[in-house]
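Content type mmCIF, C-alpha atoms, from the file protein32.cif:
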data_query
loop_
_atom_site.label_atom_id
_atom_site.label_comp_id
_atom_site.auth_asym_id
_atom_site.auth_seq_id
_atom_site.Cartn_x
_atom_site.Cartn_y
_atom_site.Cartn_z
CA MET M 57 104.38 93.70 85.41
CA LYS M 58 107.24 92.08 87.28
CA PRO M 59 106.29 90.20 90.47
CA LYS M 60 108.81 92.22 92.54
CA ILE M 61 106.96 95.44 91.60
CA ILE M 62 103.58 93.97 92.55
CA LYS M 63 104.95 92.70 95.87
CA ALA M 64 106.50 96.12 96.57
CA CYS M 65 103.17 97.85 95.93
CA GLU M 66 101.32 95.39 98.14
CA ALA M 67 103.89 95.86 100.91
CA PHE M 68 103.71 99.66 100.72
CA SER M 69 99.91 99.53 100.97
CA THR M 70 100.09 97.51 104.19
CA GLY M 71 102.53 99.90 105.84
CA GLU M 72 105.76 98.10 104.96
CA GLY M 73 107.33 100.91 102.96
CA GLU M 74 110.89 99.70 103.50
CA LYS M 75 110.13 96.68 101.31
CA ALA M 76 109.12 98.98 98.46
CA PHE M 77 111.88 101.61 98.71
CA PRO M 78 114.28 99.77 96.36
CA VAL M 79 111.81 100.09 93.46
CA ILE M 80 110.53 103.60 94.19
CA ALA M 81 111.99 106.31 91.97
CA ASP M 82 114.03 109.10 93.59
CA ASP M 83 111.62 111.69 92.14
CA VAL M 84 108.41 109.85 93.11
CA VAL M 85 105.31 111.90 93.93
CA TRP M 86 102.85 110.51 96.50
CA HIS M 87 99.42 112.15 96.37
CA ILE M 88 97.33 111.62 99.46
CA VAL M 89 94.00 112.67 98.01
CA GLY M 90 92.22 115.36 100.01
CA ASP M 91 95.31 116.05 102.09
CA HIS M 92 98.67 116.79 100.47
CA SER M 93 101.40 115.49 98.16
CA ILE M 94 104.86 114.27 99.11
CA GLU M 95 107.70 114.73 96.64
CA GLY M 96 110.83 112.63 96.50
CA LEU M 97 111.86 109.27 97.90
CA GLU M 98 113.58 110.78 100.93
CA GLU M 99 110.36 112.57 101.95
CA VAL M 100 108.36 109.37 101.41
CA LYS M 101 110.83 107.52 103.65
CA ALA M 102 110.45 110.21 106.33
CA VAL M 103 106.65 109.96 106.29
CA CYS M 104 106.84 106.17 106.45
CA ALA M 105 109.26 106.38 109.39
CA GLU M 106 106.86 108.69 111.26
CA ALA M 107 103.98 106.30 110.62
CA ALA M 108 106.07 103.30 111.74
CA ALA M 109 106.94 105.10 114.98
CA GLU M 110 103.21 105.26 115.75
CA GLY M 111 102.88 101.48 115.33
CA LYS M 112 102.03 99.21 112.44
CA PRO M 113 98.38 99.39 111.41
CA ASN M 114 96.42 96.20 110.86
CA PHE M 115 96.03 96.74 107.10
CA LYS M 116 95.06 93.94 104.76
CA ASN M 117 95.01 94.11 100.99
CA ILE M 118 91.76 92.72 99.68
CA ARG M 119 92.41 93.00 95.97
CA THR M 120 95.33 93.81 93.68
CA ILE M 121 94.77 94.80 90.06
CA GLU M 122 97.62 94.82 87.56
CA GLY M 123 97.77 96.90 84.41
CA LYS M 124 100.45 97.64 81.85
CA HIS M 125 101.80 100.63 83.83
CA HIS M 126 99.73 100.53 87.01
CA VAL M 127 99.15 98.45 90.11
CA ILE M 128 96.09 99.11 92.25
CA CYS M 129 95.81 97.81 95.80
CA GLU M 130 92.51 97.96 97.66
CA GLY M 131 92.24 97.08 101.31
CA ALA M 132 91.10 97.89 104.80
CA ASN M 133 92.30 98.51 108.33
CA LEU M 134 90.98 95.44 110.13
CA ASP M 135 90.87 97.33 113.45
CA ALA M 136 88.76 100.22 112.15
CA ASP M 137 86.18 100.97 109.49
CA VAL M 138 88.83 102.52 107.25
CA TYR M 139 89.31 101.51 103.62
CA TYR M 140 92.03 102.43 101.15
CA CYS M 141 92.89 102.31 97.49
CA ASP M 142 96.45 102.95 96.34
CA ILE M 143 97.25 103.46 92.68
CA TYR M 144 100.87 102.99 91.65
CA THR M 145 102.26 104.26 88.35
CA VAL M 146 105.23 102.22 87.13
CA GLU M 147 107.74 103.30 84.50
CA ASP M 148 110.99 101.43 83.70
CA ASP M 149 110.48 99.08 86.66
CA GLN M 150 110.26 101.98 89.11
CA ILE M 151 107.25 103.33 91.02
CA THR M 152 107.08 106.95 89.86
CA GLU M 153 103.75 108.02 91.37
CA ILE M 154 101.47 106.86 94.17
CA THR M 155 97.91 108.10 94.59
CA SER M 156 96.25 107.11 97.87
CA TYR M 157 92.56 107.33 98.70
CA CYS M 158 91.41 106.66 102.25
CA LEU M 159 87.88 106.76 103.63
CA ARG M 160 85.87 105.77 106.64
CA ALA M 161 82.76 103.64 106.42
CA LEU M 162 79.53 105.61 106.52
CA GLU M 163 77.74 105.60 109.83
CA GLU M 164 74.27 104.13 109.71
#

Once you've parsed the file, please lay out its structure as structure tokens.
Amino acid sequence: MKPKIIKACEAFSTGEGEKAFPVIADDVVWHIVGDHSIEGLEEVKAVCAEAAAEGKPNFKNIRTIEGKHHVICEGANLDADVYYCDIYTVEDDQITEITSYCLRALEE
């Protein structure tokens, strides 16, 4: 996996989508598990712009796992008990699919 792809995935997971846009395929599909899917780079850009308008979250990637065709970024929102795992599918040096899981810590 090329370093620029890994860095793009890590950036996207921390809310810096604009750094990843150059390597995201035009026909990307972003699955937000338990919520909905977003189809196409332009729609992904629109969702990222809406999120950016609300302010940048304090996300931190804790671990990145590289595979032959996948990058997985796990992390947390440091200001809340929210954890995420983003799975990126990469084909021909382009991110073609993103699957995002997000969950809150269990209350004790």

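Counting all atoms listed in the file, the residue from M:Glu72, M:Cys141, M:Asp82, M:Cys129 that sits nearest to Cys104 of chain M is M:Glu72.
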
* Given the file shown, determine the residues that the PyMOL selection byres ((chain M and resi 157-162) around 12) selects; report them as a VMD selection string. => chain M and resid 69 86 to 92 115 128 to 133 135 to 144 154 to 156 163 to 164

With 4 Å of padding per side, what axis-aligned box (centre and edge lengths, Å, one decimal) covers all the listed atoms of segment 89-107 of chain M? Give it as lines of an AutoDock Vina configuration file.
center_x = 102.9
center_y = 111.5
center_z = 103.9
size_x = 29.4
size_y = 18.6
size_z = 22.8

* To do: Identify which of the residues M:Val146, M:Lys58, M:Gly71, M:Ser93 lies closest to Gly111 of chain M, counting all atoms listed in the file when measuring atom-to-atom distances.
  => M:Gly71

With all atoms listed in the file as the counted atoms, please give the residues lying no more than 6 Å from Val85 of chain M, apart from itself and same-chain residues fewer than 4 positions off, as a PDB file with C-alpha atoms, keeping the file's coordinate frame.
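Written output follows (around_28.pdb):
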ATOM      1  CA  ILE M  94     104.860 114.270  99.110  1.00  0.00           C
ATOM      2  CA  GLU M  95     107.700 114.730  96.640  1.00  0.00           C
ATOM      3  CA  GLU M 153     103.750 108.020  91.370  1.00  0.00           C
TER       4      GLU M 153
END

* Taking into account only C-alpha atoms, which residue in the set M:Ala108, M:Leu134, M:Val127, M:Ile151 is nearest to Glu74 of chain M? ->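 For Glu74 of chain M, the nearest of the given residues is M:Ala108.
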
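The space between atom CA of Asn117 of chain M and atom CA of Val84 of chain M spans 22.1 Å.
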
* Shell around Lys60 of chain M at 10 Å using all atoms listed in the file, local window under 6 positions removed, as number ranges by chain -> M: 66, 75-76, 79, 149

* To do: Find the residue from M:Thr70, M:Ala81, M:Glu147, M:Glu98 that sits nearest to Pro113 of chain M; use all atoms listed in the file when measuring.
  => M:Thr70

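For the residues M:Arg119, M:Asn114, M:Thr145, M:Gly73, ranking by smallest atom-to-atom distance to Lys101 of chain M using all atoms listed in the file places M:Gly73 first.
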
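Here the question is which of M:Asp83, M:Ala109, M:Phe77, M:Ile61 gets nearest to Lys124 of chain M using all atoms listed in the file, and that residue is M:Ile61.
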
* Could you check how far atom CA of Ala107 of chain M sits from atom CA of Lys63 of chain M, in Å to one decimal? =>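 These atoms are spaced 20.1 Å apart.
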
* Atom-to-atom span, atom CA of Ile80 of chain M and atom CA of Thr120 of chain M, Å ->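 We find that atom CA of Ile80 of chain M and atom CA of Thr120 of chain M lie 18.1 Å from each other.
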